[in-house]
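Data file: upload-v2.txt. Format and content: compact mmCIF, C-alpha atoms and all ligand atoms.
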# COMPACT_ATOMS: atom_id res chain seq x y z
CA MET A 106 27.73 9.65 -9.78
CA PRO A 107 30.25 11.80 -11.58
CA GLY A 108 30.87 11.01 -15.21
CA VAL A 109 28.27 8.28 -15.38
CA GLY A 110 25.04 8.93 -17.21
CA ILE A 111 22.36 6.39 -16.41
CA ARG A 112 18.72 6.84 -17.29
CA GLY A 113 16.20 4.82 -15.40
CA ALA A 114 12.49 4.15 -15.17
CA SER A 115 11.09 3.21 -11.78
CA LEU A 116 7.69 1.96 -10.89
CA ALA A 117 6.20 0.31 -7.86
CA ASP A 118 2.94 -0.80 -6.29
CA VAL A 119 1.23 -1.92 -9.46
CA HIS A 120 -1.11 -4.25 -7.54
CA LEU A 121 -2.19 -6.39 -10.49
CA GLY A 122 -5.23 -8.41 -9.41
CA TYR A 123 -6.61 -5.61 -7.24
CA ARG A 124 -10.42 -5.46 -7.25
CA SER A 125 -12.90 -2.93 -5.96
CA GLY A 126 -16.63 -2.39 -6.30
CA THR A 127 -19.07 -4.48 -8.29
CA SER A 128 -18.80 -2.85 -11.72
CA THR A 129 -17.68 -5.26 -14.43
CA VAL A 130 -16.35 -5.03 -17.97
CA GLY A 131 -16.38 -8.12 -20.18
CA GLY A 132 -17.36 -10.14 -17.10
CA ARG A 133 -14.31 -8.94 -15.14
CA ASN A 134 -14.05 -6.51 -12.25
CA SER A 135 -13.61 -3.05 -13.79
CA ARG A 136 -10.95 -1.95 -11.36
CA GLU A 137 -8.91 -5.08 -11.98
CA VAL A 138 -8.98 -4.24 -15.70
CA ASP A 139 -8.12 -0.57 -14.95
CA VAL A 140 -4.98 -1.65 -13.09
CA GLU A 141 -3.90 -3.88 -15.98
CA GLN A 142 -4.43 -1.03 -18.44
CA ALA A 143 -2.35 1.35 -16.31
CA TRP A 144 0.43 -1.27 -16.11
CA LEU A 145 0.52 -1.93 -19.85
CA THR A 146 0.36 1.80 -20.62
CA ALA A 147 3.29 2.43 -18.28
CA ILE A 148 5.29 -0.35 -19.92
CA ASP A 149 4.68 1.10 -23.39
CA GLN A 150 5.78 4.53 -22.16
CA ILE A 151 8.90 3.05 -20.55
CA VAL A 152 9.86 1.13 -23.70
CA GLU A 153 9.40 4.36 -25.64
CA ALA A 154 11.63 6.27 -23.20
CA ARG A 155 14.62 4.02 -24.01
CA VAL A 156 16.07 3.87 -20.52
CA ASP A 157 19.04 1.81 -19.37
CA ILE A 158 17.47 0.41 -16.23
CA VAL A 159 13.91 -0.44 -15.18
CA THR A 160 13.21 -1.01 -11.49
CA ILE A 161 10.01 -2.42 -10.04
CA ALA A 162 10.07 -1.80 -6.31
CA GLY A 163 7.56 -4.29 -5.03
CA ASP A 164 3.84 -5.08 -4.97
CA LEU A 165 3.67 -5.96 -8.64
CA VAL A 166 0.66 -8.07 -7.66
CA HIS A 167 -2.04 -7.41 -5.07
CA HIS A 168 -1.82 -10.89 -3.57
CA PRO A 169 -0.20 -14.20 -4.57
CA ARG A 170 -3.41 -15.78 -5.92
CA ILE A 171 -4.37 -13.30 -8.63
CA SER A 172 -6.61 -14.28 -11.55
CA VAL A 173 -5.23 -15.88 -14.70
CA PRO A 174 -6.08 -12.80 -16.83
CA ALA A 175 -4.12 -10.65 -14.35
CA ILE A 176 -1.18 -13.06 -14.65
CA HIS A 177 -1.46 -12.74 -18.43
CA ALA A 178 -1.21 -8.96 -18.13
CA MET A 179 1.77 -9.29 -15.81
CA ILE A 180 3.64 -11.55 -18.24
CA ALA A 181 2.69 -9.43 -21.27
CA GLY A 182 4.18 -6.34 -19.59
CA VAL A 183 7.32 -8.05 -18.33
CA GLY A 184 7.81 -9.66 -21.74
CA LYS A 185 7.89 -6.24 -23.43
CA LEU A 186 10.59 -5.11 -21.01
CA LEU A 187 12.71 -8.18 -21.68
CA VAL A 188 12.66 -7.92 -25.47
CA ASP A 189 15.63 -5.54 -25.49
CA SER A 190 18.44 -7.70 -24.16
CA ARG A 191 20.50 -4.69 -23.07
CA ARG A 192 17.76 -3.39 -20.80
CA VAL A 193 18.43 -4.03 -17.13
CA VAL A 194 15.32 -5.08 -15.21
CA LEU A 195 15.36 -5.28 -11.42
CA VAL A 196 12.33 -6.47 -9.45
CA VAL A 197 12.12 -6.64 -5.67
CA GLN A 198 9.43 -8.46 -3.76
CA GLY A 199 6.85 -6.40 -1.88
CA ASN A 200 4.71 -7.47 1.05
CA HIS A 201 1.77 -8.05 -1.32
CA ASP A 202 3.84 -10.24 -3.66
CA ALA A 203 5.24 -12.49 -0.98
CA ALA A 204 3.96 -16.06 -0.79
CA ARG A 205 1.89 -16.63 2.35
CA LEU A 206 2.48 -20.36 2.03
CA ALA A 207 5.16 -22.32 0.25
CA GLU A 208 2.43 -24.21 -1.62
CA THR A 209 0.99 -20.99 -3.07
CA GLY A 210 4.20 -19.57 -4.43
CA THR A 211 4.21 -16.05 -5.81
CA PRO A 212 3.54 -14.83 -9.36
CA LEU A 213 7.04 -13.32 -9.18
CA ASP A 214 8.27 -16.89 -9.78
CA LEU A 215 6.80 -16.59 -13.29
CA VAL A 216 8.57 -13.25 -13.82
CA GLU A 217 11.80 -14.97 -12.79
CA GLN A 218 11.13 -17.77 -15.25
CA CYS A 219 10.59 -15.29 -18.10
CA MET A 220 13.85 -13.59 -17.18
CA ALA A 221 15.75 -16.86 -17.17
CA ALA A 222 14.32 -17.69 -20.59
CA THR A 223 15.42 -14.39 -22.10
CA GLU A 224 18.69 -13.88 -20.25
CA VAL A 225 21.57 -13.42 -22.59
CA LYS A 226 24.07 -16.06 -21.60
CA LEU A 227 27.09 -14.00 -22.55
CA GLY A 228 28.24 -11.49 -19.98
CA ARG A 229 26.71 -10.60 -16.64
CA ARG A 230 23.14 -10.99 -15.50
CA ARG A 231 20.93 -8.06 -16.34
CA ARG A 232 17.61 -9.27 -14.95
CA LEU A 233 16.85 -10.10 -11.39
CA VAL A 234 13.96 -10.82 -9.03
CA ALA A 235 15.01 -10.34 -5.39
CA LYS A 236 13.07 -12.05 -2.63
CA ARG A 237 15.93 -11.76 -0.18
CA PRO A 238 18.23 -8.79 0.42
CA CYS A 239 21.13 -8.97 -1.96
CA ARG A 240 23.77 -6.97 -3.75
CA HIS A 241 24.48 -7.33 -7.40
CA ALA A 242 27.10 -5.86 -9.69
CA LEU A 243 25.24 -5.05 -12.87
CA GLY A 244 27.41 -5.71 -15.88
CA GLY A 245 30.26 -5.62 -13.41
CA TRP A 246 30.19 -1.86 -12.95
CA ILE A 247 26.94 -0.68 -11.40
CA GLU A 248 26.61 -1.54 -7.74
CA THR A 249 23.03 -2.36 -6.85
CA VAL A 250 21.56 -3.32 -3.51
CA LEU A 251 18.10 -4.84 -3.53
CA LEU A 252 16.09 -4.78 -0.32
CA PRO A 253 12.76 -6.57 -0.78
CA PHE A 254 10.10 -7.32 1.77
CA SER A 255 11.38 -10.66 3.04
CA VAL A 256 9.63 -13.47 4.83
CA GLY A 257 11.09 -15.92 7.29
CA GLU A 258 14.58 -15.83 8.70
CA VAL A 259 16.71 -13.58 6.55
CA GLY A 260 19.36 -12.72 9.09
CA THR A 261 20.71 -9.22 9.05
CA PHE A 262 21.86 -7.35 6.02
CA ASP A 263 24.16 -4.73 7.41
CA LEU A 264 24.47 -1.77 5.09
CA GLY A 265 27.38 -0.54 7.17
CA ASP A 266 29.46 -3.57 6.23
CA LEU A 267 29.11 -2.98 2.51
CA ASP A 268 32.19 -1.92 0.69
CA LEU A 269 30.42 0.01 -2.02
CA TRP A 270 31.77 1.54 -5.14
CA ASN A 271 30.34 3.99 -7.66
CA PRO A 272 27.72 4.18 -8.99
CA ARG A 273 25.29 2.85 -6.42
CA ILE A 274 21.63 2.14 -6.85
CA ALA A 275 19.25 0.81 -4.19
CA VAL A 276 15.84 -0.64 -4.95
CA VAL A 277 13.78 -1.19 -1.82
CA HIS A 278 10.26 -2.07 -0.76
CA ALA A 279 10.06 -0.65 2.73
CA PRO A 280 8.84 2.14 4.95
CA LEU A 281 11.54 4.80 5.16
CA ALA A 282 11.85 6.62 8.47
CA GLY A 283 12.83 10.25 8.35
CA ALA A 284 10.82 11.11 5.26
CA GLY A 285 8.12 12.85 7.28
CA LEU A 286 5.42 10.44 6.14
CA ASN A 287 2.79 8.84 8.38
CA PRO A 288 3.71 7.34 11.79
CA HIS A 289 3.84 3.78 10.41
CA TYR A 290 6.84 4.94 8.40
CA ALA A 291 8.83 5.56 11.57
CA GLY A 292 8.21 2.07 12.98
CA PRO A 293 10.77 -0.56 14.01
CA HIS A 294 10.82 -2.19 10.54
CA SER A 295 11.65 1.02 8.74
CA LEU A 296 14.85 1.76 6.89
CA GLN A 297 16.58 4.96 7.94
CA LEU A 298 16.34 7.36 5.03
CA ASP A 299 19.49 9.31 5.97
CA HIS A 300 21.54 6.08 6.09
CA MET A 301 20.31 5.17 2.63
CA LEU A 302 21.06 8.63 1.24
CA GLU A 303 24.56 8.41 2.68
CA ARG A 304 25.27 5.23 0.73
CA PHE A 305 23.34 5.41 -2.53
CA HIS A 306 23.17 7.79 -5.45
CA VAL A 307 19.81 6.46 -6.53
CA LEU A 308 17.14 5.22 -4.13
CA ALA A 309 14.08 3.83 -5.93
CA ALA A 310 11.53 2.91 -3.30
CA GLY A 311 8.15 1.24 -3.22
CA ASP A 312 5.46 0.82 -0.57
CA TYR A 313 4.14 4.38 -0.25
CA HIS A 314 1.42 4.95 -2.83
CA ASP A 315 2.07 8.60 -3.72
CA TYR A 316 5.03 9.85 -5.74
CA THR A 317 7.29 11.47 -3.15
CA ASP A 318 10.69 13.14 -3.50
CA LEU A 319 12.80 11.73 -0.65
CA ALA A 320 15.80 14.03 -1.12
CA PRO A 321 14.37 17.39 -2.18
CA ASP A 322 17.33 19.24 -0.64
CA ARG A 323 20.09 17.09 -2.16
CA ALA A 324 21.47 18.02 -5.57
CA ASP A 325 23.63 14.87 -5.64
CA ARG A 326 20.93 12.30 -4.95
CA ILE A 327 17.93 10.78 -6.66
CA ALA A 328 15.54 9.35 -4.09
CA PHE A 329 11.81 8.81 -4.32
CA TYR A 330 8.78 6.66 -3.79
CA SER A 331 7.35 6.04 -7.26
CA GLY A 332 3.83 5.73 -5.92
CA SER A 333 1.25 3.29 -7.19
CA LEU A 334 0.12 3.11 -10.81
CA GLU A 335 -3.56 3.27 -9.93
CA ARG A 336 -5.57 4.05 -6.82
CA THR A 337 -5.16 0.79 -4.95
CA SER A 338 -4.62 1.68 -1.29
CA SER A 339 -7.29 1.16 1.34
CA ASN A 340 -8.08 4.88 1.37
CA PHE A 341 -7.54 5.63 -2.30
CA TRP A 342 -9.67 8.79 -2.28
CA SER A 343 -6.84 10.98 -1.07
CA GLU A 344 -4.15 9.58 -3.40
CA LYS A 345 -2.37 11.99 -5.74
CA ASP A 346 -1.28 11.78 -9.40
CA LYS A 347 -0.28 8.33 -10.61
CA GLY A 348 2.55 7.24 -12.86
CA TRP A 349 6.16 6.05 -13.01
CA VAL A 350 9.41 7.92 -12.41
CA LEU A 351 11.92 8.82 -15.11
CA TRP A 352 15.35 9.66 -13.70
CA ASP A 353 18.75 10.64 -15.01
CA THR A 354 22.04 10.59 -13.11
CA GLN A 355 23.54 13.14 -15.52
CA ASP A 356 21.77 15.96 -13.68
CA TYR A 357 20.22 14.05 -10.74
CA SER A 358 16.75 14.81 -11.99
CA HIS A 359 13.58 12.81 -11.65
CA GLU A 360 10.02 13.40 -12.68
CA LEU A 361 6.68 11.65 -12.63
CA VAL A 362 5.50 10.47 -16.02
CA PRO A 363 1.73 10.42 -15.60
CA VAL A 364 -0.30 7.34 -16.45
CA PRO A 365 -3.96 8.10 -17.07
CA GLY A 366 -6.29 6.33 -14.68
CA ARG A 367 -9.87 6.29 -13.47
CA SER A 368 -11.07 9.76 -12.47
CA VAL A 369 -12.38 10.58 -9.01
CA LEU A 370 -15.46 12.48 -7.90
CA ASP A 371 -15.25 13.04 -4.15
CA ARG A 372 -17.94 15.23 -2.55
CA ARG A 373 -18.77 16.17 1.00
CA VAL A 374 -21.92 17.62 2.51
CA ALA A 375 -23.25 18.25 6.02
CA GLY A 376 -26.87 18.19 7.09
CA GLY A 377 -30.19 16.39 6.75
CA PRO A 378 -31.98 14.55 3.93
CA GLU A 379 -32.71 17.73 1.94
CA LYS A 380 -29.04 18.65 1.73
CA VAL A 381 -28.15 15.08 0.89
CA ASN A 382 -30.72 14.77 -1.91
CA GLU A 383 -29.53 18.09 -3.35
CA ALA A 384 -25.92 16.84 -3.33
CA LEU A 385 -26.95 13.51 -4.89
CA ALA A 386 -28.81 15.25 -7.72
CA GLU A 387 -25.76 17.40 -8.38
CA MET A 388 -23.55 14.32 -8.41
CA VAL A 389 -25.81 12.57 -10.92
CA SER A 390 -25.27 15.42 -13.39
CA GLU A 391 -21.51 15.49 -12.68
CA LEU A 392 -21.28 11.71 -13.12
CA ASP A 393 -23.06 12.08 -16.43
CA ALA A 394 -20.17 14.19 -17.75
CA LEU A 395 -17.48 11.73 -16.61
CA ASP A 396 -16.56 8.22 -17.70
CA LYS A 397 -17.74 6.13 -14.77
CA PRO A 398 -15.38 7.59 -12.13
CA LEU A 399 -14.73 6.45 -8.60
CA ALA A 400 -17.37 8.42 -6.71
CA ARG A 401 -18.04 9.12 -3.09
CA LEU A 402 -20.41 11.29 -1.10
CA VAL A 403 -19.47 11.84 2.52
CA VAL A 404 -22.32 13.12 4.67
CA GLU A 405 -21.43 14.69 8.01
CA ASP A 406 -23.83 15.42 10.86
CA PHE A 407 -26.76 13.48 9.46
CA PRO A 408 -29.68 13.38 11.89
CA ARG A 409 -30.37 9.89 13.19
CA GLY A 410 -33.62 8.27 12.13
CA GLN A 411 -34.02 10.27 8.91
CA ARG A 412 -32.31 7.84 6.57
CA THR A 413 -35.55 6.83 4.89
CA ALA A 414 -35.96 10.42 3.61
CA ILE A 415 -32.90 10.00 1.39
CA ASP A 416 -33.88 9.57 -2.27
CA GLY A 417 -33.24 5.89 -3.06
CA GLY A 418 -33.65 6.51 -6.79
CA LEU A 419 -30.81 9.05 -6.81
CA LEU A 420 -28.64 6.70 -4.77
CA SER A 421 -29.06 3.84 -7.22
CA ARG A 422 -28.42 6.14 -10.20
CA CYS A 423 -25.13 7.20 -8.59
CA ARG A 424 -24.26 3.56 -8.01
CA GLN A 425 -24.94 2.72 -11.67
CA MET A 426 -22.99 5.69 -13.02
CA ALA A 427 -19.85 5.09 -10.98
CA THR A 428 -17.27 2.33 -11.23
CA VAL A 429 -16.98 2.35 -7.46
CA TRP A 430 -19.66 4.15 -5.44
CA ARG A 431 -19.38 4.91 -1.77
CA PHE A 432 -22.10 6.60 0.28
CA ASP A 433 -20.54 7.43 3.61
CA LEU A 434 -23.23 8.52 6.06
CA ARG A 435 -21.90 9.86 9.35
CA TYR A 436 -24.42 10.64 12.05
CA GLY A 437 -24.36 13.90 13.95
CA GLY A 438 -25.19 14.54 17.59
CA ARG A 439 -22.95 11.84 18.89
CA GLU A 440 -24.51 9.97 21.77
CA SER A 441 -22.72 11.05 24.88
CA VAL A 442 -21.66 8.42 27.33
CA VAL A 443 -21.23 9.39 30.96
CA LEU A 444 -17.93 7.94 31.98
CA SER A 445 -18.53 7.78 35.72
CA ASP A 446 -17.71 4.72 37.81
CA ARG A 447 -20.50 2.38 36.81
CA ARG A 448 -19.82 0.21 39.84
CA GLU A 449 -21.12 3.02 41.99
CA GLY A 450 -23.50 1.55 44.58
CA ALA A 451 -22.07 -1.91 44.07
CA ALA A 452 -20.25 -3.36 47.02
CA THR A 453 -16.53 -4.06 46.98
CA ILE A 454 -15.47 -7.66 47.56
CA ASP A 455 -14.44 -6.63 51.02
CA ASP A 456 -17.96 -5.34 51.75
CA GLU A 457 -19.51 -8.49 50.31
CA ALA A 458 -17.34 -10.71 52.50
CA ARG A 459 -18.16 -8.78 55.67
CA LYS A 460 -21.88 -8.92 54.92
CA PHE A 461 -21.68 -12.64 54.16
CA PHE A 462 -19.90 -13.60 57.33
CA ALA A 463 -21.94 -11.20 59.46
CA ARG A 464 -24.87 -13.61 59.07
CA GLY A 465 -22.95 -15.59 61.64
CA ASP A 466 -24.47 -19.02 61.12
CA ASP A 467 -22.48 -22.15 61.77
CA SER A 468 -21.80 -23.19 58.17
CA ASP A 469 -19.80 -19.97 57.65
CA ARG A 470 -17.79 -20.58 60.78
CA LEU A 471 -17.09 -24.16 59.68
CA CYS A 472 -15.94 -22.89 56.32
CA LEU A 473 -13.57 -20.35 57.86
CA SER A 474 -12.32 -22.95 60.29
CA ALA A 475 -11.58 -25.35 57.45
CA LEU A 476 -9.54 -22.59 55.81
CA GLY A 477 -7.77 -21.84 59.10
CA LEU A 478 -9.14 -18.31 59.10
CA ASP A 479 -11.38 -18.44 62.17
CA GLY A 480 -8.88 -17.12 64.73
CA ASP A 481 -10.52 -13.75 65.36
CA THR A 482 -14.10 -14.52 64.64
CA THR A 483 -15.08 -15.68 68.09
MN MN B 501 1.58 -1.40 -2.20
Translate the structure described by the file into structure tokens.
Ligand SMILES: [Mn+2]
Amino acid sequence: MPGVGIRGASLADVHLGYRSGTSTVGGRNSREVDVEQAWLTAIDQIVEARVDIVTIAGDLVHHPRISVPAIHAMIAGVGKLLVDSRRVVLVVQGNHDAARLAETGTPLDLVEQCMAATEVKLGRRRRLVAKRPCRHALGGWIETVLLPFSVGEVGTFDLGDLDLWNPRIAVVHAPLAGAGLNPHYAGPHSLQLDHMLERFHVLAAGDYHDYTDLAPDRADRIAFYSGSLERTSSNFWSEKDKGWVLWDTQDYSHELVPVPGRSVLDRRVAGGPEKVNEALAEMVSELDALDKPLARLVVEDFPRGQRTAIDGGLLSRCRQMATVWRFDLRYGGRESVVLSDRREGAATIDDEARKFFARGDDSDRLCLSALGLDGDTT
């Protein structure tokens, strides 16, 4: 993007309305409140950073029927972004945002409404929610292509047909094949990363929950998954640092701006009840030093039948001291199953038929005769 200096802030996978565990604060699920706090913190940081463009690459909400307080948080954050009329705000729909039914709608409709209310009527549109693939010339000079998760018949959106000009920005919610991520990311619905890098100077992607540089070897490209703002994936224990991405086309740099979130205490032990109780006691003292983290104890090779020897008091203290507590007991000495042919000794249908007809009484013969099969039996 020679000669053009654009600074952007990109976030994705906010998952407002996400809930986990039973811990509550002010009568609300603690994790739902955590996610809202992370979102509003990120927005404040972004406003402070004075960027030209803000992109939200999908999964702003966890599902279309989020709570009213979560909707409030969503609108409060979006509202802050829209206050500065020069700020470009691009939102693409993620799979979690998408309406399952027409009658449900999606909370993104409300974001769109806020945008319409604050849109400066003079000049070109600067705010956009994309639920279908589209291209948009921002202010008439920045070429943007928005590739949301779409539902229903969308036809094809052929990137090869695009007559693109500089500078080019793509905001997508999709698995990108060729990024060396998990196998799902190489599936039939994936976008080809190399095709995208060929066409766009900036690729701000959502869907993958860890901040990932998608063009580490390219000095002339900015491409990344922003990652989620809090730990909201199904296996959140292994997620990395959370935040949003600040990028600059002047030097093709991008960096994660961290957003503080709930801490994690993830421990693993192998053995019987003694080992487990020891680990639990240790965790109680560790939990004491932390502010209600997400905590898990994974126990490997636990002997079957000894569960009652685990200290229930320690377990419930852990549960009380954690925002989300998971006790993952995995039994050792896996029962072996002999995978021989279990039909052994049982007759085949051929054997059964021979035995049946060998009785040789008349009713059998009549039956065969009726079927026209009695030719050789006499
Ligand atoms: Mn997501």
Sort by chain and increasing residue number a table of all residues of chain A within 10 Å of ligand MN 501 (chain B), each with its closest pair of atoms and their distance in Å to one decimal, counting all atoms listed in the file, and write it as JSON lines.
{"residue": "A:Ala117", "atom": "CA", "partner": "B:MN501", "partner_atom": "MN", "distance": 7.5}
{"residue": "A:Asp118", "atom": "CA", "partner": "B:MN501", "partner_atom": "MN", "distance": 4.4}
{"residue": "A:Val119", "atom": "CA", "partner": "B:MN501", "partner_atom": "MN", "distance": 7.3}
{"residue": "A:His120", "atom": "CA", "partner": "B:MN501", "partner_atom": "MN", "distance": 6.6}
{"residue": "A:Ala162", "atom": "CA", "partner": "B:MN501", "partner_atom": "MN", "distance": 9.4}
{"residue": "A:Gly163", "atom": "CA", "partner": "B:MN501", "partner_atom": "MN", "distance": 7.2}
{"residue": "A:Asp164", "atom": "CA", "partner": "B:MN501", "partner_atom": "MN", "distance": 5.1}
{"residue": "A:Leu165", "atom": "CA", "partner": "B:MN501", "partner_atom": "MN", "distance": 8.2}
{"residue": "A:Val166", "atom": "CA", "partner": "B:MN501", "partner_atom": "MN", "distance": 8.7}
{"residue": "A:His167", "atom": "CA", "partner": "B:MN501", "partner_atom": "MN", "distance": 7.6}
{"residue": "A:Gly199", "atom": "CA", "partner": "B:MN501", "partner_atom": "MN", "distance": 7.3}
{"residue": "A:Asn200", "atom": "CA", "partner": "B:MN501", "partner_atom": "MN", "distance": 7.6}
{"residue": "A:His201", "atom": "CA", "partner": "B:MN501", "partner_atom": "MN", "distance": 6.7}
{"residue": "A:Asp202", "atom": "CA", "partner": "B:MN501", "partner_atom": "MN", "distance": 9.2}
{"residue": "A:His278", "atom": "CA", "partner": "B:MN501", "partner_atom": "MN", "distance": 8.8}
{"residue": "A:Ala279", "atom": "CA", "partner": "B:MN501", "partner_atom": "MN", "distance": 9.8}
{"residue": "A:Gly311", "atom": "CA", "partner": "B:MN501", "partner_atom": "MN", "distance": 7.2}
{"residue": "A:Asp312", "atom": "CA", "partner": "B:MN501", "partner_atom": "MN", "distance": 4.8}
{"residue": "A:Tyr313", "atom": "CA", "partner": "B:MN501", "partner_atom": "MN", "distance": 6.6}
{"residue": "A:His314", "atom": "CA", "partner": "B:MN501", "partner_atom": "MN", "distance": 6.4}
{"residue": "A:Gly332", "atom": "CA", "partner": "B:MN501", "partner_atom": "MN", "distance": 8.4}
{"residue": "A:Ser333", "atom": "CA", "partner": "B:MN501", "partner_atom": "MN", "distance": 6.9}
{"residue": "A:Leu334", "atom": "CA", "partner": "B:MN501", "partner_atom": "MN", "distance": 9.8}
{"residue": "A:Thr337", "atom": "CA", "partner": "B:MN501", "partner_atom": "MN", "distance": 7.6}
{"residue": "A:Ser338", "atom": "CA", "partner": "B:MN501", "partner_atom": "MN", "distance": 7.0}
{"residue": "A:Ser339", "atom": "CA", "partner": "B:MN501", "partner_atom": "MN", "distance": 9.9}
Under the rule of at most 9 Å, produce a per-residue listing of stretch 149-267 of chain A near stretch 346-369 of chain A: chain, number, name, the closest pair of atoms, and the distance in Å, as a Markdown table, using all atoms listed in the file.
| residue | atom | partner | partner_atom | distance |
| --- | --- | --- | --- | --- |
| A:Gln150 | CA | A:Val362 | CA | 8.5 |
| A:Ile151 | CA | A:Leu351 | CA | 8.5 |
| A:Ala154 | CA | A:Leu351 | CA | 8.5 |
| A:Val156 | CA | A:Leu351 | CA | 8.4 |
- Query: So, counting all atoms listed in the file, which residue among A:Gly437, A:Gly131, A:Pro378, A:Pro253 is closest to A:Val276?
  - Reply: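 The answer is A:Pro253, which sits nearest to A:Val276.
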- Task: Just the residues within 6 Å of stretch 238-250 of chain A, please, counting all atoms listed in the file, with nothing from its chain fewer than 2 positions along; format it as a count of residues only.
- Result: 6
- Could you please determine the separation between atom CA of A:Lys397 and atom CA of A:Leu116 in Å, to one decimal place? 26.1 Å
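Of the listed residues A:Arg112, A:Arg205, A:Arg124, A:Arg323, the one whose atoms come nearest to A:Val193 is A:Arg112, with distances taken using all atoms listed in the file.
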- Message: One decimal, in Å: what's the spacing between atom CA of A:Glu405 and atom CA of A:Arg424?
- Response: 19.7 Å
- Task: Point out the residue among A:Gly283, A:Gly132, A:Gly113, A:Gly122 with the least atom-to-atom distance to A:Ala178, counting only C-alpha atoms.
- Result: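 Between A:Gly283, A:Gly132, A:Gly113, A:Gly122, the residue approaching A:Ala178 most closely is A:Gly122.
Going from atom CA of A:Glu344 to atom CA of A:Tyr316 covers 9.5 Å.
Nearest residue to A:Arg230 among A:Thr127, A:Leu195, A:Pro212, A:Leu251 is A:Leu195, counting only C-alpha atoms.
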- Note on the structure: With distances taken over all atoms listed in the file, the candidate from A:Asp299, A:Asp393, A:Glu335, A:Asp263 nearest A:Arg136 is A:Glu335
- Item | Neighbour list for stretch 218-221 of chain A as a VMD selection string, cut-off 9 Å, all atoms listed in the file, skip fewer than 6 positions in-chain | chain A and resid 180 183 to 184 187 194 232 to 234
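Considering all atoms listed in the file, the residue among A:Thr209, A:Gln198, A:Ser331, A:Thr146 positioned nearest to A:Ala309 is A:Ser331.
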